[in-house]
Structure formats: C-alpha cells, structure tokens
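Dropping query08.pdb in here (PDB, C-alpha atoms):
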MODEL        1
ATOM      1  CA  MET R   1      -9.464 -91.492  48.186
ATOM      2  CA  ASN R   2     -10.868 -88.046  47.552
ATOM      3  CA  ARG R   3      -8.768 -85.304  46.148
ATOM      4  CA  PRO R   4      -8.030 -82.620  48.741
ATOM      5  CA  ASP R   5      -9.714 -79.878  46.705
ATOM      6  CA  ILE R   6     -12.971 -81.840  46.483
ATOM      7  CA  ASN R   7     -12.776 -82.591  50.211
ATOM      8  CA  ALA R   8     -12.253 -78.882  51.034
ATOM      9  CA  LYS R   9     -15.140 -77.885  48.757
ATOM     10  CA  GLN R  10     -17.506 -80.374  50.401
ATOM     11  CA  MET R  11     -16.496 -79.219  53.875
ATOM     12  CA  PHE R  12     -17.104 -75.592  52.861
ATOM     13  CA  PHE R  13     -20.635 -76.287  51.619
ATOM     14  CA  VAL R  14     -21.530 -78.393  54.667
ATOM     15  CA  GLY R  15     -20.345 -75.441  56.754
ATOM     16  CA  LEU R  16     -22.829 -73.275  54.889
ATOM     17  CA  LEU R  17     -25.621 -75.594  56.011
ATOM     18  CA  GLY R  18     -25.183 -74.464  59.588
ATOM     19  CA  LEU R  19     -22.033 -76.166  60.787
ATOM     20  CA  PRO R  20     -19.517 -73.301  60.754
ATOM     21  CA  TRP R  21     -17.174 -75.205  63.072
ATOM     22  CA  LEU R  22     -16.528 -77.424  60.050
ATOM     23  CA  TRP R  23     -14.893 -74.421  58.366
ATOM     24  CA  VAL R  24     -12.402 -74.331  61.220
ATOM     25  CA  VAL R  25     -11.784 -78.062  60.814
ATOM     26  CA  ASN R  26     -11.315 -77.514  57.062
ATOM     27  CA  VAL R  27      -8.739 -74.778  57.647
ATOM     28  CA  MET R  28      -6.891 -76.801  60.276
ATOM     29  CA  TYR R  29      -6.878 -79.951  58.135
ATOM     30  CA  HIS R  30      -5.485 -78.231  55.040
ATOM     31  CA  TRP R  31      -3.375 -75.576  56.819
ATOM     32  CA  LYS R  32       0.029 -76.912  55.771
ATOM     33  CA  ALA R  33      -0.943 -77.369  52.131
ATOM     34  CA  VAL R  34      -2.427 -73.869  51.781
ATOM     35  CA  TYR R  35      -0.657 -71.601  54.254
ATOM     36  CA  GLY R  36       2.475 -73.625  54.992
ATOM     37  CA  GLY R  37       5.520 -72.802  52.906
ATOM     38  CA  GLY R  38       7.352 -76.097  52.501
ATOM     39  CA  THR R  39       4.972 -78.282  50.512
ATOM     40  CA  GLN R  40       7.489 -79.061  47.758
ATOM     41  CA  ASN R  41      10.070 -80.343  50.243
ATOM     42  CA  ASP R  42       7.432 -82.458  51.932
ATOM     43  CA  GLU R  43       6.428 -83.996  48.604
ATOM     44  CA  SER R  44      10.022 -84.868  47.753
ATOM     45  CA  ASN R  45      10.472 -86.415  51.223
ATOM     46  CA  ASN R  46       7.272 -88.416  50.762
ATOM     47  CA  ASN R  47       8.456 -89.670  47.368
ATOM     48  CA  THR R  48      11.762 -90.734  48.893
ATOM     49  CA  ASN R  49       9.981 -92.497  51.751
ATOM     50  CA  ASN R  50       7.562 -94.197  49.333
ATOM     51  CA  ASN R  51      10.435 -95.461  47.205
ATOM     52  CA  SER R  52      12.281 -96.857  50.229
ATOM     53  CA  THR R  53       9.065 -98.482  51.498
ATOM     54  CA  SER R  54       8.437-100.233  48.194
ATOM     55  CA  GLU R  55      12.075-101.384  48.108
ATOM     56  CA  ASN R  56      11.689-102.791  51.645
ATOM     57  CA  ASN R  57       8.475-104.541  50.624
ATOM     58  CA  GLN R  58      10.193-106.138  47.642
ATOM     59  CA  ARG R  59      13.044-107.352  49.856
ATOM     60  CA  GLN R  60      10.581-108.870  52.305
ATOM     61  CA  GLY R  61       8.647-110.614  49.564
ATOM     62  CA  THR R  62       5.569-108.405  49.725
ATOM     63  CA  SER R  63       4.289-106.123  47.030
ATOM     64  CA  ASP R  64       2.267-102.926  46.703
ATOM     65  CA  GLU R  65      -0.470-104.716  44.772
ATOM     66  CA  ASN R  66      -4.067-104.983  45.966
ATOM     67  CA  THR R  67      -4.303-107.848  48.395
ATOM     68  CA  GLY R  68      -7.617-107.441  50.219
ATOM     69  CA  ILE R  69     -11.236-107.379  49.186
ATOM     70  CA  LEU R  70     -11.562-103.672  50.049
ATOM     71  CA  ASP R  71      -8.530-102.866  47.916
ATOM     72  CA  LEU R  72     -10.077-104.771  45.024
ATOM     73  CA  MET R  73     -13.350-102.885  45.442
ATOM     74  CA  ASN R  74     -11.537 -99.564  45.554
ATOM     75  CA  SER R  75      -9.520-100.406  42.460
ATOM     76  CA  ASN R  76     -12.725-101.313  40.601
ATOM     77  CA  ASP R  77     -14.260 -97.998  41.650
ATOM     78  CA  ASN R  78     -11.200 -96.146  40.420
ATOM     79  CA  GLU R  79     -11.355 -97.914  37.056
ATOM     80  CA  ASN R  80     -14.937 -96.747  36.553
ATOM     81  CA  GLU R  81     -14.062 -93.107  37.242
ATOM     82  CA  ASN R  82     -12.961 -90.651  34.624
ATOM     83  CA  ASN R  83      -9.291 -91.244  33.861
ATOM     84  CA  ASP R  84      -8.691 -87.563  33.142
ATOM     85  CA  THR R  85      -5.799 -86.515  35.289
ATOM     86  CA  VAL R  86      -5.926 -83.082  36.803
ATOM     87  CA  PRO R  87      -2.625 -81.234  37.078
ATOM     88  CA  PRO R  88      -1.418 -80.799  40.675
ATOM     89  CA  GLU R  89      -1.203 -77.023  40.180
ATOM     90  CA  LEU R  90      -4.927 -76.851  39.438
ATOM     91  CA  ILE R  91      -5.718 -79.029  42.459
ATOM     92  CA  GLN R  92      -3.593 -76.728  44.641
ATOM     93  CA  LEU R  93      -5.383 -73.627  43.305
ATOM     94  CA  GLU R  94      -8.818 -75.122  43.964
ATOM     95  CA  LEU R  95      -7.753 -76.304  47.412
ATOM     96  CA  SER R  96      -6.435 -72.857  48.247
ATOM     97  CA  LYS R  97      -9.660 -71.222  47.038
ATOM     98  CA  TRP R  98     -11.956 -73.354  49.203
ATOM     99  CA  VAL R  99      -9.754 -73.246  52.287
ATOM    100  CA  LYS R 100      -9.459 -69.453  52.071
ATOM    101  CA  ARG R 101     -13.238 -69.202  51.755
ATOM    102  CA  SER R 102     -13.568 -71.395  54.841
ATOM    103  CA  THR R 103     -11.093 -69.144  56.658
ATOM    104  CA  LEU R 104     -13.113 -66.060  55.791
ATOM    105  CA  GLY R 105     -16.427 -67.711  56.662
ATOM    106  CA  SER R 106     -15.224 -68.950  60.039
ATOM    107  CA  PHE R 107     -13.703 -65.564  60.860
ATOM    108  CA  LEU R 108     -16.942 -63.766  59.993
ATOM    109  CA  TYR R 109     -19.121 -66.255  61.857
ATOM    110  CA  PHE R 110     -17.105 -66.142  65.060
ATOM    111  CA  THR R 111     -16.820 -62.353  64.876
ATOM    112  CA  ILE R 112     -20.614 -62.082  64.668
ATOM    113  CA  LEU R 113     -21.044 -64.664  67.448
ATOM    114  CA  VAL R 114     -18.664 -62.880  69.827
ATOM    115  CA  SER R 115     -20.249 -59.519  68.966
ATOM    116  CA  TRP R 116     -23.696 -60.886  69.797
ATOM    117  CA  ILE R 117     -22.501 -62.384  73.094
ATOM    118  CA  ILE R 118     -20.861 -59.117  74.151
ATOM    119  CA  THR R 119     -23.902 -57.055  73.108
ATOM    120  CA  PHE R 120     -26.284 -59.353  74.966
ATOM    121  CA  GLN R 121     -24.174 -59.453  78.134
ATOM    122  CA  VAL R 122     -23.623 -55.700  78.247
ATOM    123  CA  ASN R 123     -27.284 -54.842  77.555
ATOM    124  CA  ARG R 124     -28.859 -57.722  79.461
ATOM    125  CA  ASP R 125     -31.154 -55.474  81.474
ATOM    126  CA  SER R 126     -32.661 -53.852  78.379
ATOM    127  CA  PHE R 127     -33.873 -57.204  76.968
ATOM    128  CA  SER R 128     -37.306 -58.409  78.023
ATOM    129  CA  SER R 129     -37.761 -61.630  79.973
ATOM    130  CA  LYS R 130     -38.836 -63.371  76.752
ATOM    131  CA  TRP R 131     -35.176 -63.412  75.671
ATOM    132  CA  PHE R 132     -34.181 -65.564  78.638
ATOM    133  CA  VAL R 133     -34.777 -69.248  79.259
ATOM    134  CA  MET R 134     -35.867 -68.459  82.798
ATOM    135  CA  SER R 135     -37.153 -65.117  83.991
ATOM    136  CA  PRO R 136     -35.938 -63.623  87.277
ATOM    137  CA  ASP R 137     -39.425 -64.174  88.728
ATOM    138  CA  GLU R 138     -39.127 -67.944  88.238
ATOM    139  CA  GLU R 139     -35.873 -67.981  90.198
ATOM    140  CA  LEU R 140     -37.690 -68.027  93.525
ATOM    141  CA  VAL R 141     -39.977 -70.890  92.471
ATOM    142  CA  THR R 142     -37.308 -73.211  91.103
ATOM    143  CA  GLY R 143     -34.559 -72.485  93.591
ATOM    144  CA  TRP R 144     -31.902 -71.860  90.957
TER     145      TRP R 144
ENDMDL
END

Represent the structure contained in this file as structure tokens.
Amino acid sequence: MNRPDINAKQMFFVGLLGLPWLWVVNVMYHWKAVYGGGTQNDESNNNTNNNSTSENNQRQGTSDENTGILDLMNSNDNENENNDTVPPELIQLELSKWVKRSTLGSFLYFTILVSWIITFQVNRDSFSSKWFVMSPDEELVTGW
C-alpha cells in the first residue's frame, strides 16, 4: 500500500499533465488528513478498533497472518523495499504540501476556466466564425 504522501504527490504531477480534475480528487481524498482537525482522535479510534478486531480473530481461531497468494506476494514486495521507516510527522508534512499545491492548482485552473467561459459568452459577437464549431451560415443548411 502506498504512503499517502507519495499518492498525493503522484496525483499532483498527473494533474500537471492535463488532468486538473485529479487535483480536485486529490484534495477531496486527503481532505480529512490535511484540513480536518481530529486526525489524532481518529488514529486512536482506529488503533482501538484494530486491537479489538485482532482479539476477535484470535477468539475465532483466525489470525492476521498472510493467508492468500496476493498477501504473500505483497509481503515479498515489502521485504524487498527499503526498511527505513519515515516518521509520521514527516509523512503528514509532505502530504499537506502536495494536497495544498493541488488545492491551489485546482483553484487557479477553474478560475481561469470560468473566466474564459464568461469572457467568451459576453463577447461572442466579437469573435470570428473560426472560433465556433458551426458558423451561423451553416445553421440553415444543417437544420440545427
């Protein structure tokens, strides 16, 4: 599983390639972690839920160990990776940086898009027919 900061960074750069809606997805996906206030409480609740889940699994005779072929493949991939652990504070800072950049990029993009739409609609008569998909002269021929 990817770290959230790496995921946010990848989504930001793909947004730069011409998919600015992905910036909006990035911001929405990581909203609670970056802009939401209660991340520490959520983490403590998740830890409590994880502990109770593992206790329930032990009571039922199941374990948290890898049991499927995909889990074995993923565990082998994780063993091959660098075992350097990154502190959660650094991950949170990186995540915040990339999500805030996505927020700014999406805001700028949609501001420019709306400005262009308004400018074009207000000044439609001053643009030549080359700007349009169909000129007003073709309207009579096609019936549209």

So what does the PyMOL selection byres ((chain R and resi 106) around 8) actually pick up in this one, as a list in words?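 With the shown file as input, the PyMOL selection byres ((chain R and resi 106) around 8) matches Pro20, Trp21, Trp23, Val24, Ser102, Thr103, Leu104, Gly105, Phe107, Leu108, Tyr109 and Phe110 of chain R.
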
Please work out which residues fall within 7 Å of (-7.2, -77.9, 50.3), coordinates as given in the file, with all atoms listed in the file counting, and return them as a PyMOL selection string. chain R and resi 4-5+8+30+33-34+92+95-96+98-99

What is the distance, in Å and to one decimal place, between atom CA of R:Tyr35 and atom CA of R:Leu19?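 Taking atom CA of R:Tyr35 as the start and atom CA of R:Leu19 as the end point, the length is 22.8 Å.
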
For atom CA of R:Asn7 and atom CA of R:Glu89, determine how far apart the two atoms are, in Å to one decimal place. 16.3 Å

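The spacing separating atom CA of R:Arg3 from atom CA of R:Ile91 amounts to 7.9 Å.
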
Once N, CA and C atoms are restored for stretch 97-111 of chain R, what would the output be as a compact mmCIF listing (two decimals), keeping the file's coordinate frame?
# COMPACT_ATOMS: atom_id res chain seq x y z
N LYS R 97 -8.44 -72.02 47.14
CA LYS R 97 -9.66 -71.22 47.04
C LYS R 97 -10.68 -71.62 48.10
N TRP R 98 -10.93 -72.91 48.27
CA TRP R 98 -11.96 -73.35 49.20
C TRP R 98 -11.52 -73.20 50.65
N VAL R 99 -10.24 -73.40 50.92
CA VAL R 99 -9.75 -73.25 52.29
C VAL R 99 -9.76 -71.77 52.69
N LYS R 100 -9.41 -70.88 51.76
CA LYS R 100 -9.46 -69.45 52.07
C LYS R 100 -10.90 -68.98 52.27
N ARG R 101 -11.83 -69.53 51.54
CA ARG R 101 -13.24 -69.20 51.76
C ARG R 101 -13.70 -69.70 53.13
N SER R 102 -13.24 -70.88 53.52
CA SER R 102 -13.57 -71.40 54.84
C SER R 102 -12.95 -70.52 55.93
N THR R 103 -11.74 -70.03 55.69
CA THR R 103 -11.09 -69.14 56.66
C THR R 103 -11.91 -67.87 56.84
N LEU R 104 -12.32 -67.29 55.74
CA LEU R 104 -13.11 -66.06 55.79
C LEU R 104 -14.47 -66.31 56.45
N GLY R 105 -15.13 -67.39 56.09
CA GLY R 105 -16.43 -67.71 56.66
C GLY R 105 -16.35 -67.95 58.16
N SER R 106 -15.34 -68.70 58.60
CA SER R 106 -15.22 -68.95 60.04
C SER R 106 -14.87 -67.68 60.79
N PHE R 107 -14.04 -66.83 60.22
CA PHE R 107 -13.70 -65.56 60.86
C PHE R 107 -14.94 -64.68 61.01
N LEU R 108 -15.72 -64.58 59.93
CA LEU R 108 -16.94 -63.77 59.99
C LEU R 108 -17.96 -64.34 60.98
N TYR R 109 -18.16 -65.63 60.96
CA TYR R 109 -19.12 -66.26 61.86
C TYR R 109 -18.75 -66.02 63.32
N PHE R 110 -17.50 -66.29 63.66
CA PHE R 110 -17.10 -66.14 65.06
C PHE R 110 -17.03 -64.68 65.49
N THR R 111 -16.76 -63.78 64.55
CA THR R 111 -16.82 -62.35 64.88
C THR R 111 -18.25 -61.94 65.21
